[in-house]
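Colleague: Dropping in upload_1.txt, which is compact mmCIF, C-alpha atoms:
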# COMPACT_ATOMS: atom_id res chain seq x y z
CA PHE A 831 -118.01 1.99 124.76
CA PRO A 832 -116.98 -1.13 122.79
CA PHE A 833 -117.52 -1.03 119.08
CA PRO A 834 -117.61 -4.03 116.70
CA LEU A 835 -114.52 -3.48 114.59
CA LEU A 836 -112.86 -6.84 115.12
CA PRO A 837 -114.27 -8.47 111.95
CA HIS A 838 -113.20 -5.44 109.91
CA LEU A 839 -109.69 -5.39 111.42
CA TYR A 840 -109.35 -9.10 110.73
CA GLN A 841 -110.38 -8.55 107.13
CA TYR A 842 -107.85 -5.71 106.88
CA LEU A 843 -105.07 -8.03 108.02
CA VAL A 844 -106.16 -10.69 105.55
CA ASP A 845 -106.48 -8.26 102.64
CA SER A 846 -103.12 -6.63 103.34
CA LYS A 847 -101.48 -10.00 104.08
CA GLN A 848 -100.39 -8.79 107.49
CA LYS A 849 -99.57 -11.45 110.07
CA GLN A 850 -99.81 -9.45 113.29
CA GLY A 851 -102.09 -10.73 116.04
CA LEU A 852 -105.41 -8.98 116.59
CA THR A 853 -104.50 -8.10 120.17
CA VAL A 854 -102.39 -5.19 118.93
CA PHE A 855 -105.60 -3.31 118.18
CA CYS A 856 -106.95 -3.38 121.75
CA PHE A 857 -106.08 0.21 122.50
CA CYS A 858 -109.32 1.62 123.97
CA CYS A 859 -110.03 -0.67 126.88
CA CYS A 860 -109.31 1.69 129.81
CA TYR A 861 -110.14 5.09 128.45
CA SER A 862 -113.18 5.52 130.67
CA CYS A 863 -110.90 4.89 133.66
CA VAL A 864 -109.35 8.34 133.11
CA PHE A 865 -111.92 10.49 131.33
CA PHE A 866 -115.63 10.93 131.01
CA ASP A 867 -117.24 8.90 128.26
CA ARG A 868 -119.69 10.58 125.93
CA LEU A 869 -122.29 8.23 124.45
CA TYR A 870 -124.60 9.37 121.68
CA TYR A 871 -127.74 7.29 121.35
CA THR A 872 -131.19 7.66 119.87
CA LYS A 873 -134.59 5.97 119.92
CA ILE A 874 -135.91 3.62 117.26
CA ASN A 875 -139.13 1.62 117.06
CA LEU A 876 -139.22 -2.05 116.09
CA GLY A 877 -142.00 -4.61 115.66
CA SER A 878 -145.80 -4.71 115.54
CA PRO A 879 -146.99 -3.21 117.78
CA PRO A 880 -143.87 -1.03 117.85
CA ARG A 881 -141.58 -0.98 120.88
CA GLU A 882 -139.05 1.75 121.55
CA PHE A 883 -135.33 0.99 121.91
CA ASN A 884 -132.39 3.20 122.88
CA VAL A 885 -129.46 2.38 120.59
CA LEU A 886 -125.98 3.74 120.05
CA ILE A 887 -125.50 5.03 116.49
CA ASP A 888 -122.18 3.67 115.28
CA THR A 889 -120.60 4.40 111.90
CA GLY A 890 -117.80 2.00 112.85
CA SER A 891 -119.96 -1.13 112.59
CA ASP A 892 -122.59 -2.57 110.30
CA VAL A 893 -125.28 -4.56 112.10
CA LEU A 894 -128.21 -3.34 114.19
CA TRP A 895 -128.79 -5.53 117.24
CA VAL A 896 -130.99 -5.22 120.32
CA MET A 897 -131.28 -7.34 123.46
CA SER A 898 -133.63 -10.32 123.57
CA ASN A 899 -136.10 -10.84 126.41
CA THR A 900 -134.35 -14.20 127.00
CA CYS A 901 -130.84 -12.76 126.90
CA VAL A 902 -128.31 -14.29 129.30
CA ASN A 903 -126.12 -11.72 131.13
CA CYS A 904 -127.81 -8.72 129.51
CA PRO A 905 -128.03 -5.74 131.89
CA ARG A 906 -131.44 -5.20 133.47
CA SER A 907 -130.79 -1.59 134.47
CA SER A 908 -128.70 1.32 133.21
CA ASN A 909 -126.77 4.16 134.81
CA LEU A 910 -127.80 6.30 131.82
CA GLN A 911 -131.20 6.74 133.54
CA ILE A 912 -133.00 4.76 130.83
CA GLN A 913 -134.99 1.61 131.39
CA PRO A 914 -133.68 -1.25 129.21
CA THR A 915 -136.13 -2.62 126.64
CA PHE A 916 -135.98 -6.23 125.46
CA TYR A 917 -137.12 -7.48 122.07
CA ASP A 918 -139.56 -10.39 121.94
CA ALA A 919 -140.16 -11.82 118.46
CA THR A 920 -143.22 -13.74 119.65
CA ALA A 921 -144.88 -10.45 120.64
CA SER A 922 -144.51 -8.93 117.16
CA SER A 923 -146.95 -9.97 114.44
CA THR A 924 -144.48 -8.96 111.71
CA ALA A 925 -141.36 -10.69 113.11
CA ARG A 926 -139.76 -13.51 111.18
CA VAL A 927 -136.83 -15.58 112.35
CA ILE A 928 -134.37 -16.10 109.50
CA PRO A 929 -133.33 -19.69 108.71
CA CYS A 930 -129.79 -20.39 107.54
CA SER A 931 -131.10 -21.43 104.12
CA HIS A 932 -132.87 -18.09 103.50
CA LYS A 933 -131.43 -15.49 101.12
CA ASP A 934 -131.45 -12.90 103.92
CA CYS A 935 -128.85 -14.96 105.80
CA ALA A 936 -126.45 -15.14 102.85
CA PRO A 937 -124.88 -11.65 103.21
CA PHE A 938 -124.25 -12.28 106.90
CA SER A 939 -122.65 -15.66 106.16
CA LYS A 940 -120.34 -14.10 103.57
CA SER A 941 -119.21 -11.48 106.09
CA GLY A 942 -117.94 -14.19 108.41
CA THR A 943 -120.03 -12.90 111.31
CA SER A 944 -122.79 -15.53 111.26
CA TRP A 945 -123.24 -19.21 112.02
CA CYS A 946 -126.04 -21.74 111.86
CA SER A 947 -127.73 -22.71 115.13
CA SER A 948 -128.77 -26.25 116.02
CA ASN A 949 -132.36 -25.49 115.05
CA GLY A 950 -131.35 -23.98 111.70
CA GLN A 951 -131.59 -20.29 112.61
CA CYS A 952 -129.17 -17.72 111.20
CA GLY A 953 -127.06 -16.75 114.20
CA TYR A 954 -124.19 -14.34 114.89
CA THR A 955 -121.34 -13.72 117.29
CA PHE A 956 -119.41 -10.45 117.61
CA GLN A 957 -116.29 -10.06 119.74
CA TYR A 958 -115.47 -6.47 120.59
CA LEU A 959 -112.12 -4.80 121.04
CA ASP A 960 -112.40 -5.03 124.83
CA LEU A 961 -113.02 -8.80 124.44
CA SER A 962 -116.70 -8.57 125.39
CA VAL A 963 -119.04 -10.71 123.29
CA THR A 964 -122.59 -10.59 122.02
CA SER A 965 -124.30 -13.44 120.19
CA GLY A 966 -127.82 -14.20 119.06
CA VAL A 967 -129.99 -14.77 116.01
CA TYR A 968 -131.08 -12.62 113.10
CA VAL A 969 -134.72 -11.69 112.59
CA LYS A 970 -136.60 -9.60 110.08
CA ASP A 971 -139.13 -7.11 111.40
CA GLU A 972 -140.51 -3.63 110.82
CA LEU A 973 -138.47 -0.50 111.58
CA ARG A 974 -141.10 2.14 112.29
CA PHE A 975 -140.88 5.92 112.13
CA ASP A 976 -142.97 9.04 111.63
CA SER A 977 -143.12 10.60 108.16
CA ILE A 978 -143.88 14.30 107.72
CA LEU A 979 -145.21 15.18 104.27
CA PRO A 980 -144.44 18.61 102.77
CA GLY A 981 -147.10 21.14 103.66
CA SER A 982 -148.26 19.10 106.65
CA THR A 983 -147.36 19.08 110.34
CA ILE A 984 -149.20 15.83 111.10
CA PRO A 985 -146.88 12.81 111.26
CA LYS A 986 -147.79 9.71 109.31
CA SER A 987 -146.62 6.33 110.53
CA ARG A 988 -144.33 4.52 108.09
CA SER A 989 -142.32 1.32 108.28
CA ALA A 990 -139.74 -0.75 106.42
CA PRO A 991 -138.69 -4.38 106.93
CA ILE A 992 -135.04 -4.78 107.98
CA VAL A 993 -132.82 -7.62 109.16
CA PHE A 994 -131.24 -7.14 112.59
CA GLY A 995 -129.73 -9.13 115.40
CA VAL A 996 -131.42 -10.16 118.64
CA SER A 997 -128.84 -10.73 121.35
CA THR A 998 -129.37 -13.85 123.47
CA TYR A 999 -126.00 -13.80 125.27
CA GLN A 1000 -123.50 -11.13 126.35
CA SER A 1001 -120.23 -11.08 128.26
CA GLY A 1002 -117.62 -8.56 129.35
CA ARG A 1003 -118.42 -4.86 129.49
CA LEU A 1004 -121.68 -5.42 127.64
CA THR A 1005 -123.05 -6.90 130.88
CA SER A 1006 -122.29 -3.73 132.86
CA THR A 1007 -125.00 -1.28 133.83
CA GLN A 1008 -122.51 1.61 133.55
CA HIS A 1009 -122.99 2.27 129.82
CA ALA A 1010 -126.00 0.05 129.14
CA VAL A 1011 -128.19 0.81 126.13
CA ASP A 1012 -130.56 -1.55 124.33
CA GLY A 1013 -128.20 -2.21 121.44
CA ILE A 1014 -126.14 -0.72 118.63
CA LEU A 1015 -127.42 0.77 115.38
CA GLY A 1016 -124.68 -0.01 112.86
CA PHE A 1017 -124.34 2.61 110.13
CA GLY A 1018 -121.21 1.37 108.37
CA ARG A 1019 -120.68 1.01 104.63
CA GLY A 1020 -121.33 -2.75 104.54
CA ASP A 1021 -124.36 -4.39 102.96
CA LEU A 1022 -125.61 -5.44 106.39
CA SER A 1023 -126.03 -1.96 107.89
CA VAL A 1024 -129.44 -0.37 108.35
CA TYR A 1025 -128.36 2.44 106.04
CA SER A 1026 -127.47 -0.01 103.26
CA GLN A 1027 -130.64 -2.03 103.69
CA LEU A 1028 -132.86 1.04 103.47
CA SER A 1029 -131.01 2.73 100.60
CA SER A 1030 -130.83 -0.48 98.54
CA THR A 1031 -134.64 -0.45 98.31
CA GLY A 1032 -134.72 3.20 97.22
CA LEU A 1033 -136.55 4.17 100.40
CA THR A 1034 -133.76 6.51 101.50
CA PRO A 1035 -130.99 8.35 99.63
CA ARG A 1036 -127.39 7.13 99.62
CA VAL A 1037 -126.27 10.03 101.78
CA PHE A 1038 -126.60 10.74 105.50
CA SER A 1039 -125.43 13.46 107.87
CA HIS A 1040 -125.00 14.14 111.56
CA CYS A 1041 -124.27 17.02 113.91
CA LEU A 1042 -123.16 16.06 117.43
CA LYS A 1043 -123.61 18.72 120.06
CA GLY A 1044 -120.47 18.84 122.16
CA ASP A 1045 -121.43 20.56 125.42
CA GLY A 1046 -122.29 18.77 128.66
CA MET A 1047 -125.97 18.46 127.78
CA GLY A 1048 -125.27 16.77 124.45
CA GLY A 1049 -127.88 16.29 121.76
CA GLY A 1050 -127.81 16.78 118.01
CA ILE A 1051 -129.34 15.21 114.92
CA PHE A 1052 -128.65 12.29 112.59
CA VAL A 1053 -130.26 12.58 109.16
CA LEU A 1054 -130.69 10.13 106.30
CA GLY A 1055 -130.25 12.84 103.72
CA LYS A 1056 -127.90 15.74 103.01
CA ILE A 1057 -127.44 18.70 105.32
CA LEU A 1058 -126.95 21.85 103.25
CA GLU A 1059 -124.80 24.51 104.88
CA GLN A 1060 -122.17 26.95 103.68
CA GLY A 1061 -118.52 26.05 104.06
CA ILE A 1062 -118.70 22.24 103.84
CA VAL A 1063 -115.42 20.82 102.46
CA TYR A 1064 -115.11 17.29 101.07
CA THR A 1065 -112.48 14.61 100.83
CA PRO A 1066 -112.81 11.38 98.82
CA LEU A 1067 -113.67 8.13 100.57
CA THR A 1068 -111.18 5.36 99.95
CA PRO A 1069 -112.33 1.90 98.82
CA SER A 1070 -113.63 -0.06 101.79
CA LYS A 1071 -116.30 -2.65 102.37
CA HIS A 1072 -117.23 -1.45 105.83
CA LEU A 1073 -115.65 1.69 107.29
CA TYR A 1074 -115.51 5.35 106.27
CA TYR A 1075 -111.83 5.48 105.34
CA VAL A 1076 -110.20 8.68 104.03
CA HIS A 1077 -106.65 9.72 103.12
CA LEU A 1078 -105.11 11.74 105.96
CA GLN A 1079 -102.01 13.37 104.48
CA SER A 1080 -100.54 15.54 107.23
CA ILE A 1081 -101.06 17.20 110.62
CA ALA A 1082 -100.09 20.75 111.58
CA VAL A 1083 -99.72 22.13 115.12
CA SER A 1084 -99.86 25.91 115.39
CA GLY A 1085 -99.39 26.06 111.62
CA ASP A 1086 -96.23 23.93 111.57
CA MET A 1087 -96.42 20.62 109.74
CA LEU A 1088 -95.32 17.50 111.59
CA GLY A 1089 -92.56 15.58 109.83
CA VAL A 1090 -94.69 12.48 109.35
CA ASP A 1091 -94.41 10.51 106.12
CA PRO A 1092 -97.97 10.30 104.64
CA VAL A 1093 -97.45 6.59 104.08
CA VAL A 1094 -97.72 6.20 107.88
CA PHE A 1095 -101.39 7.12 107.64
CA THR A 1096 -102.17 5.18 104.46
CA ASN A 1097 -100.60 1.91 105.61
CA GLY A 1098 -103.22 1.32 108.26
CA GLY A 1099 -105.84 3.78 107.16
CA THR A 1100 -107.83 6.62 108.74
CA PHE A 1101 -111.56 6.51 109.34
CA PHE A 1102 -114.36 8.42 111.10
CA ASP A 1103 -116.33 6.60 113.80
CA THR A 1104 -119.24 7.91 115.89
CA GLY A 1105 -118.97 4.84 118.13
CA THR A 1106 -115.56 5.86 119.49
CA THR A 1107 -115.51 8.54 122.18
CA HIS A 1108 -112.04 9.91 121.54
CA ALA A 1109 -109.41 9.61 118.79
CA TYR A 1110 -106.32 7.53 118.05
CA LEU A 1111 -103.21 8.30 116.02
CA VAL A 1112 -100.80 5.80 114.59
CA ASP A 1113 -97.67 5.59 116.80
CA GLU A 1114 -95.19 7.68 114.83
CA ALA A 1115 -97.67 10.51 114.24
CA HIS A 1116 -98.83 10.41 117.86
CA ASP A 1117 -95.30 10.87 119.22
CA GLN A 1118 -94.63 13.87 116.99
CA PHE A 1119 -98.04 15.33 117.78
CA VAL A 1120 -97.37 15.12 121.54
CA ASN A 1121 -93.92 16.66 121.16
CA ALA A 1122 -95.23 19.56 119.08
CA VAL A 1123 -98.04 20.43 121.52
CA THR A 1124 -95.69 20.10 124.50
CA THR A 1125 -93.18 22.46 122.89
CA VAL A 1126 -95.83 25.13 122.37
CA VAL A 1127 -97.19 25.04 125.94
CA SER A 1128 -94.02 24.15 127.85
CA GLN A 1129 -93.60 27.65 129.29
CA SER A 1130 -97.07 27.69 130.86
CA ALA A 1131 -98.14 24.07 131.39
CA ALA A 1132 -96.22 21.26 133.13
CA PRO A 1133 -96.28 17.96 131.18
CA THR A 1134 -97.45 14.87 133.07
CA THR A 1135 -99.10 11.54 132.28
CA ARG A 1136 -102.29 9.82 133.37
CA ARG A 1137 -102.68 6.10 132.64
CA GLY A 1138 -100.40 6.38 129.64
CA PHE A 1139 -101.97 9.54 128.19
CA GLN A 1140 -100.10 12.81 127.75
CA CYS A 1141 -101.50 15.45 130.09
CA TYR A 1142 -100.64 18.94 131.31
CA LEU A 1143 -101.02 20.77 134.61
CA VAL A 1144 -102.50 24.15 133.72
CA ASN A 1145 -102.87 27.08 136.08
CA SER A 1146 -106.55 27.73 136.63
CA SER A 1147 -106.08 31.39 135.79
CA VAL A 1148 -104.86 30.51 132.29
CA SER A 1149 -107.35 30.06 129.44
CA VAL A 1150 -106.87 26.64 127.87
CA SER A 1151 -108.27 27.88 124.56
CA GLN A 1152 -105.61 30.59 124.43
CA LEU A 1153 -102.71 28.52 125.78
CA PHE A 1154 -103.00 25.47 123.54
CA PRO A 1155 -102.43 25.68 119.78
CA ALA A 1156 -104.84 25.02 116.96
CA VAL A 1157 -104.38 21.65 115.26
CA SER A 1158 -105.27 21.01 111.64
CA LEU A 1159 -105.68 17.69 109.85
CA HIS A 1160 -105.11 17.81 106.09
CA PHE A 1161 -106.83 15.33 103.79
CA ASP A 1162 -106.78 14.30 100.15
CA GLY A 1163 -108.51 16.80 97.87
CA GLY A 1164 -107.35 19.82 99.86
CA ALA A 1165 -109.89 19.50 102.71
CA SER A 1166 -108.70 20.52 106.18
CA LEU A 1167 -110.24 19.84 109.58
CA VAL A 1168 -109.20 22.50 112.09
CA LEU A 1169 -109.43 21.51 115.75
CA LYS A 1170 -109.71 24.04 118.51
CA PRO A 1171 -108.04 23.06 121.83
CA GLU A 1172 -111.34 21.88 123.32
CA GLU A 1173 -111.70 19.54 120.32
CA TYR A 1174 -108.57 17.56 121.13
CA LEU A 1175 -108.23 18.07 124.91
CA VAL A 1176 -110.08 16.21 127.65
CA GLN A 1177 -110.11 17.16 131.33
CA SER A 1178 -109.22 14.33 133.73
CA PHE A 1179 -111.85 13.75 136.42
CA LEU A 1180 -109.38 11.89 138.67
CA ASP A 1181 -107.46 15.09 139.44
CA PRO A 1182 -108.25 18.57 140.69
CA ALA A 1183 -109.20 21.11 138.06
CA GLY A 1184 -106.24 22.01 135.91
CA ILE A 1185 -105.21 18.61 134.50
CA TRP A 1186 -105.89 18.52 130.77
CA CYS A 1187 -105.00 15.54 128.59
CA LEU A 1188 -104.65 15.02 124.87
CA GLY A 1189 -107.71 13.08 123.74
CA PHE A 1190 -105.62 11.18 121.17
CA GLY A 1191 -104.47 7.74 122.16
CA LYS A 1192 -101.83 5.59 120.46
CA SER A 1193 -102.60 2.99 117.82
CA PRO A 1194 -100.16 0.56 116.17
CA GLN A 1195 -101.61 1.03 112.67
CA LEU A 1196 -105.07 2.59 112.48
CA THR A 1197 -105.94 6.28 112.89
CA ILE A 1198 -109.47 6.61 114.28
CA LEU A 1199 -111.29 9.96 114.45
CA GLY A 1200 -114.06 9.61 117.02
CA GLU A 1201 -116.60 11.83 118.72
CA LEU A 1202 -113.93 14.16 120.16
CA VAL A 1203 -113.13 15.26 116.60
CA LEU A 1204 -116.67 14.92 115.19
CA LYS A 1205 -118.52 17.06 117.75
CA ASP A 1206 -119.81 20.55 116.99
CA LYS A 1207 -119.57 19.97 113.26
CA ILE A 1208 -121.81 18.88 110.45
CA PHE A 1209 -120.57 15.70 108.79
CA VAL A 1210 -122.03 14.55 105.47
CA TYR A 1211 -121.42 10.97 104.28
CA ASP A 1212 -122.09 11.17 100.54
CA LEU A 1213 -122.00 7.61 99.17
CA ILE A 1214 -123.39 8.80 95.84
CA HIS A 1215 -120.19 10.72 95.11
CA GLN A 1216 -118.01 8.62 97.46
CA GLN A 1217 -116.96 11.52 99.65
CA ILE A 1218 -117.27 12.80 103.19
CA GLY A 1219 -117.54 16.47 104.14
CA TRP A 1220 -117.66 18.67 107.22
CA THR A 1221 -117.91 22.18 108.59
CA HIS A 1222 -118.13 23.72 112.06
CA PHE A 1223 -121.72 24.30 113.16
CA ASN A 1224 -123.80 25.05 116.25
CA CYS A 1225 -125.52 21.67 116.60
CA SER A 1226 -128.21 23.09 118.87
CA SER A 1227 -129.53 24.91 115.79
CA ALA A 1228 -131.63 23.22 113.12
CA PRO A 1229 -129.57 22.90 109.93
CA ASN A 1230 -130.90 23.07 106.38
CA VAL A 1231 -131.78 19.58 105.18
CA SER A 1232 -132.28 18.64 101.54
CA ILE A 1233 -135.61 16.80 101.09
CA SER A 1234 -138.57 16.71 98.73
CA ARG A 1235 -141.45 14.19 98.83
CA ASP A 1236 -141.27 13.50 102.52
CA TYR A 1237 -138.88 13.07 105.37
CA PHE A 1238 -138.90 10.68 108.28
CA VAL A 1239 -138.62 11.67 111.89
CA SER A 1240 -137.92 9.16 114.66
CA SER A 1241 -140.05 9.31 117.77
CA ALA A 1242 -137.04 10.26 119.87
CA HIS A 1243 -137.87 12.97 122.37
CA SER A 1244 -135.46 14.52 124.81
CA SER A 1245 -135.44 17.35 127.27
CA LEU A 1246 -131.73 17.59 126.47
CA SER A 1247 -132.23 18.50 122.84
CA THR A 1248 -135.17 19.45 120.67
CA CYS A 1249 -135.49 19.70 116.92
CA SER A 1250 -138.38 21.42 115.19
CA THR A 1251 -139.50 19.63 112.04
CA GLY A 1252 -141.00 22.86 110.78
CA SER A 1253 -137.54 24.40 110.48
CA LEU A 1254 -136.41 21.92 107.84
CA PRO A 1255 -136.84 23.42 104.35
CA LEU A 1256 -137.88 21.44 101.30
CA GLY A 1257 -135.13 20.34 98.96
CA ILE A 1258 -134.21 17.71 96.42
CA ILE A 1259 -133.55 14.39 98.20
CA THR A 1260 -136.39 11.85 98.14
CA SER A 1261 -136.49 11.07 101.85
CA VAL A 1262 -134.78 11.82 105.13
CA PHE A 1263 -134.84 10.21 108.55
CA LEU A 1264 -134.24 12.62 111.40
CA PHE A 1265 -133.03 11.25 114.72
CA VAL A 1266 -132.64 13.35 117.86
CA PHE A 1267 -129.51 12.36 119.75
CA LEU A 1268 -129.51 11.90 123.48
CA VAL A 1269 -126.19 12.01 125.29
CA LYS A 1270 -125.02 11.16 128.76
CA ILE A 1271 -121.64 11.87 130.33
CA VAL A 1272 -120.68 8.88 132.45
CA GLN A 1273 -117.60 7.74 134.32
CA SER A 1274 -116.31 4.35 135.42
Kindly present the structure from the file in structure tokens form.

Modeller:
Amino acid sequence: FPFPLLPHLYQYLVDSKQKQGLTVFCFCCCYSCVFFDRLYYTKINLGSPPREFNVLIDTGSDVLWVMSNTCVNCPRSSNLQIQPTFYDATASSTARVIPCSHKDCAPFSKSGTSWCSSNGQCGYTFQYLDLSVTSGVYVKDELRFDSILPGSTIPKSRSAPIVFGVSTYQSGRLTSTQHAVDGILGFGRGDLSVYSQLSSTGLTPRVFSHCLKGDGMGGGIFVLGKILEQGIVYTPLTPSKHLYYVHLQSIAVSGDMLGVDPVVFTNGGTFFDTGTTHAYLVDEAHDQFVNAVTTVVSQSAAPTTRRGFQCYLVNSSVSVSQLFPAVSLHFDGGASLVLKPEEYLVQSFLDPAGIWCLGFGKSPQLTILGELVLKDKIFVYDLIHQQIGWTHFNCSSAPNVSISRDYFVSSAHSSLSTCSTGSLPLGIITSVFLFVFLVKIVQS
């Protein structure tokens, strides 16, 4: 699924005085041609009266946008078995279109993602890595949710005004029904993200967490607050205006360190992104990673390729989890992320059973750790202490969440995944949103 990183990559090139063209970063265009895509999305409510929207939660972008009822080329159906919902500002009594002269337009103008329409409205255009485009105007309206007070099981309706985009035009893959959702809920580090807007008012804490369930049924939770579980390790976040960058120092395969100079990772940077299905390693590290895995399994699995990805033909009688080695990623501060084979392998659906491929693609500069790496783990994004932490966890179980006065639960309901609000203990953070993830496995 496309994710809006192009403005951030452009800013990276400017800040680092690099002169390379942006096309070098288009490395995820055909992934769904080989493997199943896994899309995590949730439900939010916008407007008065509230309407429900299915949106992809994306830590790799900043802005929330949904489709307008007048949108040109927006999909009118979805293969995800959800009915698209379209936002209509005229139908919401609390909606306000934002003029270019208004203070709420200023942060968007500074980011370089907005423009002024002919009628003076604050507009935007995003171009995605697969060259698809969405454009529209910004509005301010109510984000609505249910609040559960301590000692009560009766939800209380709450709301907060936020600025978000309303898409009036789309092109490229965004027009396809294959992966169609109602929009993207940007949860990046920038001032424009929903997370930043809510936390800047003191309504929510400056920490959020998620746990993505990795099996075929999907599910999980996304919490504005801190998940408290044993074994969480942390690494510092590096300075960034938008993305959750960390210092990846080394990679080990079956306990043996790859001979990759750490500067390879720091030159381009490494970040976590829920909006990316798989993962990408910078070229030099990717080549050594492939060679190391191939050496370990060469006696039992025949190397092959599929659409440029390293794959292996494995005898069906052989256990993949026992054949392939453990992989560990080592970060600044001593934190390690250990990946079991199923957390870096993807089975190709174009071949008979037995073709397994490395879920790490090549990248010229950036290292991106997507859902393949994030699944079946708790991740805590602690912006108070500028760190990110993780631990393995069964995401079908309700984790311990730190809250006190109240916590907020979205109206997302799914037969794929349930989450009991009564299982969340009281704690110390002022407020928590709880989203229930829905997931579909789709193929192109």

Colleague: Using all atoms listed in the file, which residues sit within 7 Å of His1009 in chain A once same-chain residues fewer than 2 positions away are excluded, as a list in words?

Modeller: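 Residues meeting the cut-off are Ser908, Asn909, Leu910, Ser1006, Thr1007 and Val1011 of chain A.
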
Colleague: Hey, can you check how far CA of Ser923 in chain A sits from CA of Met897 in chain A?

Modeller: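 Those two atoms sit 18.3 Å apart.
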
Colleague: Need the shell around Val896 in chain A: protein/DNA/RNA residues with any atom at most 12 Å away, counting all atoms listed in the file. Skip same-chain ones fewer than 5 positions apart. Format as a ChimeraX atom specification?

Modeller: /A:873-877,881-886,901,904-905,914-919,964-969,993-1000,1004,1010-1016

Colleague: Can I get the selected residues back with C-alpha atoms, as an mmCIF file, keeping the file's coordinate frame?

Modeller:
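Generated file (out-v3.cif):
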data_model
loop_
_atom_site.group_PDB
_atom_site.id
_atom_site.type_symbol
_atom_site.label_atom_id
_atom_site.label_comp_id
_atom_site.auth_asym_id
_atom_site.auth_seq_id
_atom_site.Cartn_x
_atom_site.Cartn_y
_atom_site.Cartn_z
ATOM 1 C CA LYS A 873 -134.590 5.970 119.920
ATOM 2 C CA ILE A 874 -135.910 3.620 117.260
ATOM 3 C CA ASN A 875 -139.130 1.620 117.060
ATOM 4 C CA LEU A 876 -139.220 -2.050 116.090
ATOM 5 C CA GLY A 877 -142.000 -4.610 115.660
ATOM 6 C CA ARG A 881 -141.580 -0.980 120.880
ATOM 7 C CA GLU A 882 -139.050 1.750 121.550
ATOM 8 C CA PHE A 883 -135.330 0.990 121.910
ATOM 9 C CA ASN A 884 -132.390 3.200 122.880
ATOM 10 C CA VAL A 885 -129.460 2.380 120.590
ATOM 11 C CA LEU A 886 -125.980 3.740 120.050
ATOM 12 C CA CYS A 901 -130.840 -12.760 126.900
ATOM 13 C CA CYS A 904 -127.810 -8.720 129.510
ATOM 14 C CA PRO A 905 -128.030 -5.740 131.890
ATOM 15 C CA PRO A 914 -133.680 -1.250 129.210
ATOM 16 C CA THR A 915 -136.130 -2.620 126.640
ATOM 17 C CA PHE A 916 -135.980 -6.230 125.460
ATOM 18 C CA TYR A 917 -137.120 -7.480 122.070
ATOM 19 C CA ASP A 918 -139.560 -10.390 121.940
ATOM 20 C CA ALA A 919 -140.160 -11.820 118.460
ATOM 21 C CA THR A 964 -122.590 -10.590 122.020
ATOM 22 C CA SER A 965 -124.300 -13.440 120.190
ATOM 23 C CA GLY A 966 -127.820 -14.200 119.060
ATOM 24 C CA VAL A 967 -129.990 -14.770 116.010
ATOM 25 C CA TYR A 968 -131.080 -12.620 113.100
ATOM 26 C CA VAL A 969 -134.720 -11.690 112.590
ATOM 27 C CA VAL A 993 -132.820 -7.620 109.160
ATOM 28 C CA PHE A 994 -131.240 -7.140 112.590
ATOM 29 C CA GLY A 995 -129.730 -9.130 115.400
ATOM 30 C CA VAL A 996 -131.420 -10.160 118.640
ATOM 31 C CA SER A 997 -128.840 -10.730 121.350
ATOM 32 C CA THR A 998 -129.370 -13.850 123.470
ATOM 33 C CA TYR A 999 -126.000 -13.800 125.270
ATOM 34 C CA GLN A 1000 -123.500 -11.130 126.350
ATOM 35 C CA LEU A 1004 -121.680 -5.420 127.640
ATOM 36 C CA ALA A 1010 -126.000 0.050 129.140
ATOM 37 C CA VAL A 1011 -128.190 0.810 126.130
ATOM 38 C CA ASP A 1012 -130.560 -1.550 124.330
ATOM 39 C CA GLY A 1013 -128.200 -2.210 121.440
ATOM 40 C CA ILE A 1014 -126.140 -0.720 118.630
ATOM 41 C CA LEU A 1015 -127.420 0.770 115.380
ATOM 42 C CA GLY A 1016 -124.680 -0.010 112.860
#

Colleague: With distances taken over all atoms listed in the file, which of A:Val893, A:Val1024, A:Leu1153, A:Ala1109 is nearest to Thr1125 in chain A?

Modeller: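 Using all atoms listed in the file, the shortest distance to Thr1125 in chain A belongs to A:Leu1153.
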
Colleague: Restricting the calculation to all atoms listed in the file: of A:Leu1022, A:Cys1141, A:Leu869, A:Cys952, which residue gets closest to Gln1008 in chain A?

Modeller: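 When distances to Gln1008 in chain A are compared using all atoms listed in the file, the smallest one comes from A:Leu869.
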
Colleague: Residues near range 1110-1113 of chain A, anyone? I mean within 8 Å using all atoms listed in the file, not counting same-chain ones fewer than 6 positions away, as a list in words.

Modeller: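 With the cut-off at 8 Å, the set is Val1094, Phe1095, Phe1190, Gly1191, Lys1192, Ser1193, Pro1194, Gln1195, Leu1196, Thr1197, Ile1198 and Leu1199 of chain A.
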